[in-house]
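With compact mmCIF, N, CA and C atoms inside, this is work36.txt:
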# COMPACT_ATOMS: atom_id res chain seq x y z
N MET A 1 49.83 87.82 83.04
CA MET A 1 51.00 87.02 82.72
C MET A 1 50.61 85.55 82.85
N ASP A 2 51.00 84.79 81.85
CA ASP A 2 50.67 83.37 81.90
C ASP A 2 51.74 82.59 82.67
N VAL A 3 51.50 81.33 82.87
CA VAL A 3 52.40 80.48 83.66
C VAL A 3 53.78 80.36 83.00
N THR A 4 53.83 80.23 81.69
CA THR A 4 55.11 80.09 80.99
C THR A 4 55.98 81.32 81.21
N GLY A 5 55.40 82.49 81.12
CA GLY A 5 56.14 83.73 81.33
C GLY A 5 56.69 83.82 82.75
N ALA A 6 55.87 83.41 83.72
CA ALA A 6 56.30 83.44 85.12
C ALA A 6 57.45 82.47 85.36
N VAL A 7 57.39 81.29 84.76
CA VAL A 7 58.46 80.29 84.91
C VAL A 7 59.75 80.81 84.30
N VAL A 8 59.67 81.40 83.11
CA VAL A 8 60.85 81.95 82.44
C VAL A 8 61.47 83.05 83.30
N LEU A 9 60.63 83.91 83.86
CA LEU A 9 61.12 84.99 84.71
C LEU A 9 61.85 84.45 85.94
N VAL A 10 61.28 83.45 86.59
CA VAL A 10 61.90 82.86 87.78
C VAL A 10 63.23 82.20 87.42
N VAL A 11 63.29 81.48 86.31
CA VAL A 11 64.53 80.82 85.89
C VAL A 11 65.61 81.86 85.60
N VAL A 12 65.25 82.93 84.90
CA VAL A 12 66.23 83.98 84.60
C VAL A 12 66.74 84.62 85.88
N LEU A 13 65.88 84.88 86.82
CA LEU A 13 66.29 85.48 88.09
C LEU A 13 67.22 84.55 88.88
N VAL A 14 66.92 83.27 88.90
CA VAL A 14 67.76 82.30 89.62
C VAL A 14 69.14 82.20 88.97
N VAL A 15 69.18 82.13 87.64
CA VAL A 15 70.46 82.02 86.94
C VAL A 15 71.28 83.29 87.15
N ALA A 16 70.66 84.46 87.07
CA ALA A 16 71.38 85.72 87.27
C ALA A 16 71.92 85.82 88.70
N THR A 17 71.13 85.39 89.67
CA THR A 17 71.56 85.43 91.07
C THR A 17 72.75 84.50 91.28
N LEU A 18 72.68 83.30 90.75
CA LEU A 18 73.80 82.35 90.89
C LEU A 18 75.06 82.88 90.22
N ALA A 19 74.92 83.46 89.03
CA ALA A 19 76.08 84.02 88.34
C ALA A 19 76.69 85.14 89.17
N GLY A 20 75.88 86.00 89.74
CA GLY A 20 76.37 87.09 90.58
C GLY A 20 77.09 86.59 91.81
N LEU A 21 76.55 85.55 92.44
CA LEU A 21 77.19 84.98 93.63
C LEU A 21 78.54 84.36 93.29
N VAL A 22 78.62 83.67 92.17
CA VAL A 22 79.89 83.06 91.75
C VAL A 22 80.92 84.14 91.47
N LEU A 23 80.55 85.19 90.75
CA LEU A 23 81.48 86.26 90.43
C LEU A 23 81.94 86.98 91.70
N ARG A 24 81.03 87.24 92.61
CA ARG A 24 81.40 87.91 93.86
C ARG A 24 82.35 87.04 94.68
N ASN A 25 82.12 85.74 94.69
CA ASN A 25 82.98 84.83 95.44
C ASN A 25 84.39 84.76 94.85
N ARG A 26 84.51 84.87 93.53
CA ARG A 26 85.81 84.79 92.86
C ARG A 26 86.59 86.09 92.94
N SER A 27 85.91 87.20 93.17
CA SER A 27 86.57 88.50 93.19
C SER A 27 87.57 88.58 94.34
N GLY A 28 88.80 88.96 94.00
CA GLY A 28 89.83 89.12 95.01
C GLY A 28 90.57 87.85 95.35
N ARG A 29 90.17 86.73 94.78
CA ARG A 29 90.85 85.45 95.05
C ARG A 29 92.10 85.31 94.20
N LEU A 30 93.12 84.76 94.79
CA LEU A 30 94.37 84.51 94.08
C LEU A 30 94.21 83.30 93.18
N ARG A 31 94.80 83.41 92.00
CA ARG A 31 94.86 82.28 91.09
C ARG A 31 96.32 82.05 90.74
N PRO A 32 96.97 81.09 91.42
CA PRO A 32 98.36 80.81 91.07
C PRO A 32 98.45 80.32 89.63
N THR A 33 99.41 80.84 88.89
CA THR A 33 99.56 80.42 87.50
C THR A 33 100.75 79.52 87.33
N GLY A 34 101.88 79.91 87.91
CA GLY A 34 103.07 79.06 87.85
C GLY A 34 103.53 78.77 86.45
N ASP A 35 103.10 79.57 85.47
CA ASP A 35 103.56 79.34 84.11
C ASP A 35 104.55 80.43 83.72
N ASP A 36 105.13 80.30 82.55
CA ASP A 36 106.07 81.30 82.08
C ASP A 36 105.44 82.16 81.00
N ARG A 37 104.13 82.30 81.02
CA ARG A 37 103.45 83.12 80.04
C ARG A 37 104.00 84.53 80.14
N GLY A 38 104.57 85.00 79.06
CA GLY A 38 105.09 86.36 79.04
C GLY A 38 106.43 86.52 79.71
N ALA A 39 107.05 85.44 80.13
CA ALA A 39 108.34 85.59 80.81
C ALA A 39 109.40 86.06 79.82
N THR A 40 110.19 87.00 80.25
CA THR A 40 111.31 87.51 79.47
C THR A 40 112.48 87.63 80.41
N ASP A 41 113.48 88.38 80.02
CA ASP A 41 114.58 88.63 80.94
C ASP A 41 114.14 89.56 82.06
N GLY A 42 113.02 90.23 81.87
CA GLY A 42 112.48 91.11 82.89
C GLY A 42 111.20 90.53 83.43
N ALA A 43 110.28 91.38 83.81
CA ALA A 43 109.04 90.91 84.41
C ALA A 43 107.91 91.05 83.42
N GLY A 44 107.59 90.00 82.73
CA GLY A 44 106.46 90.02 81.82
C GLY A 44 106.84 90.57 80.47
N PRO A 45 105.84 90.80 79.64
CA PRO A 45 106.10 91.23 78.27
C PRO A 45 106.71 92.62 78.22
N GLY A 46 108.02 92.68 78.12
CA GLY A 46 108.69 93.95 77.93
C GLY A 46 109.03 94.71 79.20
N TRP A 47 108.76 94.17 80.39
CA TRP A 47 109.11 94.89 81.62
C TRP A 47 110.41 94.35 82.16
N ASP A 48 111.14 95.22 82.78
CA ASP A 48 112.39 94.84 83.41
C ASP A 48 112.32 95.29 84.85
N LEU A 49 112.51 94.38 85.78
CA LEU A 49 112.42 94.74 87.19
C LEU A 49 113.40 95.85 87.55
N ALA A 50 114.52 95.93 86.85
CA ALA A 50 115.49 96.99 87.15
C ALA A 50 114.89 98.36 86.88
N GLU A 51 113.90 98.44 85.98
CA GLU A 51 113.27 99.72 85.68
C GLU A 51 112.31 100.14 86.78
N THR A 52 111.82 99.22 87.59
CA THR A 52 110.80 99.55 88.57
C THR A 52 111.37 99.87 89.93
N GLY A 53 112.61 99.57 90.15
CA GLY A 53 113.19 99.87 91.45
C GLY A 53 114.60 99.36 91.53
N PRO A 54 115.21 99.46 92.69
CA PRO A 54 116.59 99.00 92.85
C PRO A 54 116.68 97.49 92.67
N ASP A 55 117.90 97.06 92.38
CA ASP A 55 118.13 95.61 92.23
C ASP A 55 117.68 94.89 93.49
N GLY A 56 117.37 93.62 93.36
CA GLY A 56 116.98 92.84 94.51
C GLY A 56 115.47 92.73 94.67
N ARG A 57 114.70 93.27 93.76
CA ARG A 57 113.25 93.09 93.83
C ARG A 57 112.95 91.62 93.61
N ARG A 58 112.03 91.11 94.39
CA ARG A 58 111.68 89.69 94.23
C ARG A 58 110.34 89.51 93.56
N ALA A 59 109.55 90.58 93.46
CA ALA A 59 108.25 90.46 92.80
C ALA A 59 107.78 91.81 92.27
N LEU A 60 107.12 91.76 91.14
CA LEU A 60 106.48 92.93 90.55
C LEU A 60 104.98 92.73 90.62
N LEU A 61 104.29 93.69 91.23
CA LEU A 61 102.83 93.67 91.31
C LEU A 61 102.33 94.58 90.21
N LEU A 62 101.94 93.99 89.09
CA LEU A 62 101.47 94.75 87.94
C LEU A 62 99.96 94.86 88.01
N GLN A 63 99.47 96.08 88.18
CA GLN A 63 98.03 96.32 88.29
C GLN A 63 97.52 96.88 86.98
N LEU A 64 96.52 96.22 86.40
CA LEU A 64 95.87 96.72 85.19
C LEU A 64 94.56 97.35 85.60
N SER A 65 94.41 98.64 85.30
CA SER A 65 93.29 99.44 85.78
C SER A 65 92.66 100.23 84.65
N SER A 66 91.54 100.84 84.97
CA SER A 66 90.91 101.79 84.06
C SER A 66 90.51 103.02 84.88
N PRO A 67 90.45 104.18 84.24
CA PRO A 67 90.21 105.42 84.99
C PRO A 67 88.85 105.50 85.67
N VAL A 68 87.85 104.80 85.18
CA VAL A 68 86.50 104.90 85.74
C VAL A 68 86.19 103.77 86.72
N CYS A 69 87.21 103.05 87.14
CA CYS A 69 87.04 101.86 87.97
C CYS A 69 87.28 102.20 89.45
N ALA A 70 86.22 102.19 90.25
CA ALA A 70 86.35 102.49 91.68
C ALA A 70 87.19 101.45 92.42
N PRO A 71 86.99 100.15 92.18
CA PRO A 71 87.84 99.16 92.87
C PRO A 71 89.32 99.28 92.49
N CYS A 72 89.61 99.89 91.34
CA CYS A 72 91.00 100.06 90.93
C CYS A 72 91.74 100.99 91.89
N ARG A 73 91.06 102.02 92.37
CA ARG A 73 91.68 102.95 93.32
C ARG A 73 91.99 102.24 94.64
N GLN A 74 91.07 101.39 95.09
CA GLN A 74 91.30 100.63 96.32
C GLN A 74 92.45 99.65 96.13
N THR A 75 92.50 99.00 94.98
CA THR A 75 93.59 98.06 94.69
C THR A 75 94.93 98.79 94.65
N ALA A 76 94.96 99.97 94.04
CA ALA A 76 96.20 100.76 93.98
C ALA A 76 96.69 101.11 95.38
N ARG A 77 95.76 101.43 96.26
CA ARG A 77 96.12 101.76 97.64
C ARG A 77 96.71 100.53 98.34
N VAL A 78 96.06 99.38 98.19
CA VAL A 78 96.53 98.14 98.83
C VAL A 78 97.91 97.76 98.32
N LEU A 79 98.08 97.75 97.01
CA LEU A 79 99.37 97.33 96.43
C LEU A 79 100.46 98.37 96.70
N GLY A 80 100.11 99.64 96.66
CA GLY A 80 101.07 100.69 96.97
C GLY A 80 101.57 100.59 98.40
N ASP A 81 100.66 100.32 99.33
CA ASP A 81 101.05 100.15 100.73
C ASP A 81 101.96 98.94 100.91
N LEU A 82 101.66 97.83 100.22
CA LEU A 82 102.52 96.65 100.31
C LEU A 82 103.92 96.95 99.79
N ALA A 83 103.99 97.60 98.64
CA ALA A 83 105.29 97.92 98.03
C ALA A 83 106.07 98.91 98.88
N ALA A 84 105.38 99.86 99.50
CA ALA A 84 106.06 100.83 100.36
C ALA A 84 106.62 100.18 101.61
N ALA A 85 105.93 99.16 102.11
CA ALA A 85 106.36 98.50 103.34
C ALA A 85 107.44 97.45 103.10
N ASP A 86 107.59 96.99 101.86
CA ASP A 86 108.52 95.91 101.55
C ASP A 86 109.37 96.29 100.35
N PRO A 87 110.66 96.57 100.54
CA PRO A 87 111.51 96.99 99.42
C PRO A 87 111.72 95.91 98.36
N GLY A 88 111.34 94.69 98.65
CA GLY A 88 111.46 93.61 97.67
C GLY A 88 110.31 93.57 96.68
N LEU A 89 109.32 94.44 96.87
CA LEU A 89 108.16 94.48 95.99
C LEU A 89 108.13 95.77 95.20
N ALA A 90 107.69 95.69 93.96
CA ALA A 90 107.48 96.87 93.14
C ALA A 90 106.03 96.85 92.66
N HIS A 91 105.38 98.01 92.67
CA HIS A 91 104.00 98.13 92.21
C HIS A 91 103.99 99.06 91.00
N VAL A 92 103.44 98.57 89.89
CA VAL A 92 103.29 99.36 88.68
C VAL A 92 101.84 99.28 88.26
N GLU A 93 101.24 100.44 88.01
CA GLU A 93 99.85 100.48 87.56
C GLU A 93 99.82 100.88 86.08
N VAL A 94 99.08 100.11 85.29
CA VAL A 94 98.95 100.35 83.86
C VAL A 94 97.49 100.63 83.54
N ASP A 95 97.24 101.72 82.84
CA ASP A 95 95.89 102.08 82.39
C ASP A 95 95.61 101.31 81.11
N VAL A 96 94.66 100.39 81.14
CA VAL A 96 94.37 99.56 79.98
C VAL A 96 93.77 100.36 78.83
N ALA A 97 93.20 101.51 79.12
CA ALA A 97 92.68 102.35 78.04
C ALA A 97 93.81 102.92 77.20
N GLU A 98 94.96 103.16 77.84
CA GLU A 98 96.12 103.68 77.12
C GLU A 98 97.02 102.57 76.60
N ARG A 99 97.01 101.41 77.25
CA ARG A 99 97.89 100.30 76.89
C ARG A 99 97.09 99.03 76.66
N VAL A 100 96.25 99.05 75.64
CA VAL A 100 95.44 97.88 75.29
C VAL A 100 96.32 96.69 74.96
N ASP A 101 97.49 96.94 74.39
CA ASP A 101 98.41 95.86 74.03
C ASP A 101 98.83 95.04 75.25
N VAL A 102 99.01 95.71 76.37
CA VAL A 102 99.41 95.02 77.59
C VAL A 102 98.28 94.10 78.07
N ALA A 103 97.06 94.62 78.08
CA ALA A 103 95.91 93.80 78.50
C ALA A 103 95.75 92.59 77.58
N ARG A 104 95.91 92.80 76.29
CA ARG A 104 95.80 91.67 75.34
C ARG A 104 96.90 90.65 75.57
N ALA A 105 98.13 91.12 75.72
CA ALA A 105 99.26 90.20 75.90
C ALA A 105 99.09 89.33 77.14
N LEU A 106 98.46 89.89 78.17
CA LEU A 106 98.28 89.15 79.42
C LEU A 106 96.92 88.47 79.52
N GLY A 107 96.06 88.67 78.54
CA GLY A 107 94.74 88.04 78.55
C GLY A 107 93.83 88.59 79.63
N VAL A 108 93.95 89.87 79.93
CA VAL A 108 93.14 90.50 80.98
C VAL A 108 91.84 91.01 80.38
N LEU A 109 90.72 90.60 80.98
CA LEU A 109 89.40 90.99 80.49
C LEU A 109 88.66 91.87 81.48
N ARG A 110 89.22 92.08 82.68
CA ARG A 110 88.51 92.79 83.74
C ARG A 110 89.47 93.65 84.53
N THR A 111 88.99 94.80 84.97
CA THR A 111 89.80 95.63 85.85
C THR A 111 89.11 95.74 87.19
N PRO A 112 89.86 95.81 88.28
CA PRO A 112 91.31 95.67 88.32
C PRO A 112 91.74 94.22 88.26
N THR A 113 92.84 93.99 87.62
CA THR A 113 93.51 92.69 87.65
C THR A 113 94.95 92.95 88.03
N THR A 114 95.44 92.18 88.98
CA THR A 114 96.83 92.27 89.39
C THR A 114 97.53 90.99 88.96
N VAL A 115 98.63 91.16 88.24
CA VAL A 115 99.45 90.03 87.81
C VAL A 115 100.78 90.16 88.53
N VAL A 116 101.19 89.09 89.19
CA VAL A 116 102.44 89.11 89.96
C VAL A 116 103.49 88.30 89.20
N PHE A 117 104.64 88.96 88.99
CA PHE A 117 105.77 88.33 88.33
C PHE A 117 106.89 88.16 89.34
N ASP A 118 107.61 87.03 89.25
CA ASP A 118 108.75 86.84 90.13
C ASP A 118 109.97 87.56 89.54
N ALA A 119 111.11 87.46 90.20
CA ALA A 119 112.30 88.20 89.80
C ALA A 119 112.82 87.81 88.42
N ARG A 120 112.53 86.60 87.96
CA ARG A 120 113.00 86.21 86.64
C ARG A 120 112.00 86.54 85.55
N GLY A 121 110.85 87.13 85.94
CA GLY A 121 109.88 87.56 84.95
C GLY A 121 108.77 86.58 84.66
N ALA A 122 108.67 85.52 85.43
CA ALA A 122 107.62 84.53 85.23
C ALA A 122 106.37 84.93 86.01
N GLU A 123 105.23 84.81 85.37
CA GLU A 123 103.98 85.08 86.08
C GLU A 123 103.75 83.99 87.11
N ILE A 124 103.50 84.41 88.35
CA ILE A 124 103.30 83.41 89.40
C ILE A 124 101.88 83.39 89.94
N LEU A 125 101.17 84.51 89.83
CA LEU A 125 99.77 84.51 90.24
C LEU A 125 99.07 85.74 89.71
N ARG A 126 97.74 85.69 89.75
CA ARG A 126 96.95 86.86 89.37
C ARG A 126 95.70 86.93 90.22
N VAL A 127 95.20 88.15 90.34
CA VAL A 127 94.02 88.42 91.14
C VAL A 127 93.10 89.32 90.33
N SER A 128 91.85 88.93 90.19
CA SER A 128 90.85 89.81 89.58
C SER A 128 90.04 90.41 90.71
N GLY A 129 89.90 91.72 90.70
CA GLY A 129 89.21 92.39 91.78
C GLY A 129 90.21 92.89 92.80
N VAL A 130 89.70 93.41 93.91
CA VAL A 130 90.56 93.92 94.97
C VAL A 130 91.18 92.73 95.71
N PRO A 131 92.52 92.69 95.78
CA PRO A 131 93.17 91.54 96.44
C PRO A 131 92.86 91.48 97.92
N ARG A 132 92.78 90.28 98.43
CA ARG A 132 92.66 90.05 99.87
C ARG A 132 94.08 90.06 100.41
N VAL A 133 94.40 91.07 101.18
CA VAL A 133 95.77 91.37 101.57
C VAL A 133 96.46 90.18 102.21
N ASP A 134 95.82 89.53 103.18
CA ASP A 134 96.48 88.43 103.89
C ASP A 134 96.81 87.27 102.94
N GLU A 135 95.92 86.96 102.00
CA GLU A 135 96.18 85.89 101.02
C GLU A 135 97.31 86.29 100.09
N LEU A 136 97.30 87.54 99.64
CA LEU A 136 98.34 88.00 98.73
C LEU A 136 99.71 87.97 99.39
N VAL A 137 99.82 88.47 100.59
CA VAL A 137 101.10 88.49 101.31
C VAL A 137 101.60 87.05 101.51
N ALA A 138 100.72 86.14 101.85
CA ALA A 138 101.13 84.74 102.07
C ALA A 138 101.61 84.08 100.77
N ALA A 139 101.08 84.51 99.63
CA ALA A 139 101.42 83.89 98.35
C ALA A 139 102.66 84.49 97.69
N LEU A 140 103.09 85.66 98.13
CA LEU A 140 104.24 86.32 97.50
C LEU A 140 105.53 85.58 97.82
N PRO A 141 106.47 85.60 96.87
CA PRO A 141 107.75 84.95 97.14
C PRO A 141 108.50 85.65 98.27
N THR A 142 109.19 84.86 99.05
CA THR A 142 109.94 85.42 100.18
C THR A 142 111.39 85.65 99.76
N GLY A 143 112.02 86.57 100.44
CA GLY A 143 113.39 86.94 100.12
C GLY A 143 114.33 85.92 100.61

Go ahead and render the structure in this file as structure tokens.
Amino acid sequence: MDVTGAVVLVVVLVVATLAGLVLRNRSGRLRPTGDDRGATDGAGPGWDLAETGPDGRRALLLQLSSPVCAPCRQTARVLGDLAAADPGLAHVEVDVAERVDVARALGVLRTPTTVVFDARGAEILRVSGVPRVDELVAALPTG
């Protein structure tokens, strides 16, 4: 192997390592959106909070998953436990393989992604990867 090949190999390895570290650091981090993207009378494109549970829900935790995604199962457990412990939260899991339209409408490119909608249907935050429970609980709207 000549010097040029070795330099190219080292550069590729460094770039790949940095990209991996950045992606790992971003996984599970909350990204507040605070926009009305997809806001309707319900929660997001075509959802109605009344359909997900009794009146008085203050947030919908919409999880976009795929059947072959191991972190999706962990995310479902975390969000399900939160919703079970707090009657003001609803958790809905959508399989993106069956509902590609939902993933497109929300601009989701990775599973698991959790999109949180407030009671009026406005997107307030999203998480790619398994959510960090303490950060998510702190960011959710209070009753």

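Note that atom CA of A:Ser128 and atom CA of A:Leu109 are 9.3 Å apart.
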
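Using all atoms listed in the file, the shortest contact distance between A:Leu89 and any of A:Pro71, A:Val3, A:Thr17, A:Ala59 is found at A:Ala59.
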
- Mind pulling up the distance from atom CA of A:Gln74 to atom CA of A:Ala90? 16.9 Å

- Message: Could you check which residues have any atom within 6 Å of (96.0, 97.1, 102.7), counting only N, CA and C atoms with coordinates taken straight from the file, and then list them as a PyMOL selection string?
- Response: chain A and resi 77-78+133

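Between atom CA of A:Leu79 and atom CA of A:His91 the interatomic distance comes to 6.3 Å.
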
- Query: Closest to A:Val130 among A:Ala85, A:Ala6, A:Ala76, A:Ala16, using only N, CA and C atoms?
  - Reply: A:Ala76

- Non-local contacts of A:Cys72 (12 Å; only C-alpha atoms; under 6 positions in same chain excluded) as a ChimeraX atom specification: /A:28,63-66,78-80,93-96,110-114,128-131

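Residue-level DSSP output for stretch 88-141 of chain A, from the backbone, shows strand (DSSP E) at Leu89, Ala90, His91, Val92, Glu93, Val94, Asp95, Thr113, Thr114, Val115, Val116, Phe117, Asp118, Glu123, Ile124, Leu125, Arg126, Val127 and Ser128 of chain A.
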
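The smallest atom-to-atom distance between A:Asp81 and any of A:Val8, A:Leu106, A:Leu61, A:Gly121, using only C-alpha atoms, is found for A:Leu61.
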
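The nearest approach to A:Val137 among the residues A:Leu82, A:Ile124, A:Ala70, A:Ala97, with only C-alpha atoms taken into account, belongs to A:Leu82.
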
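Each of A:Pro67, A:Leu18, A:Arg58, A:Gly107 was checked against A:Leu140 using all atoms listed in the file; the smallest atom-to-atom distance is that of A:Arg58.
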
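Closest approach to A:Ala122 among A:Ala139, A:Thr33, A:Val68, A:Val102: A:Thr33, based on all atoms listed in the file.
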
- Can you list, as a PyMOL selection string, every residue of stretch 60-118 of chain A that DSSP puts in helix (DSSP H, G or I)? chain A and resi 70-85+100-106
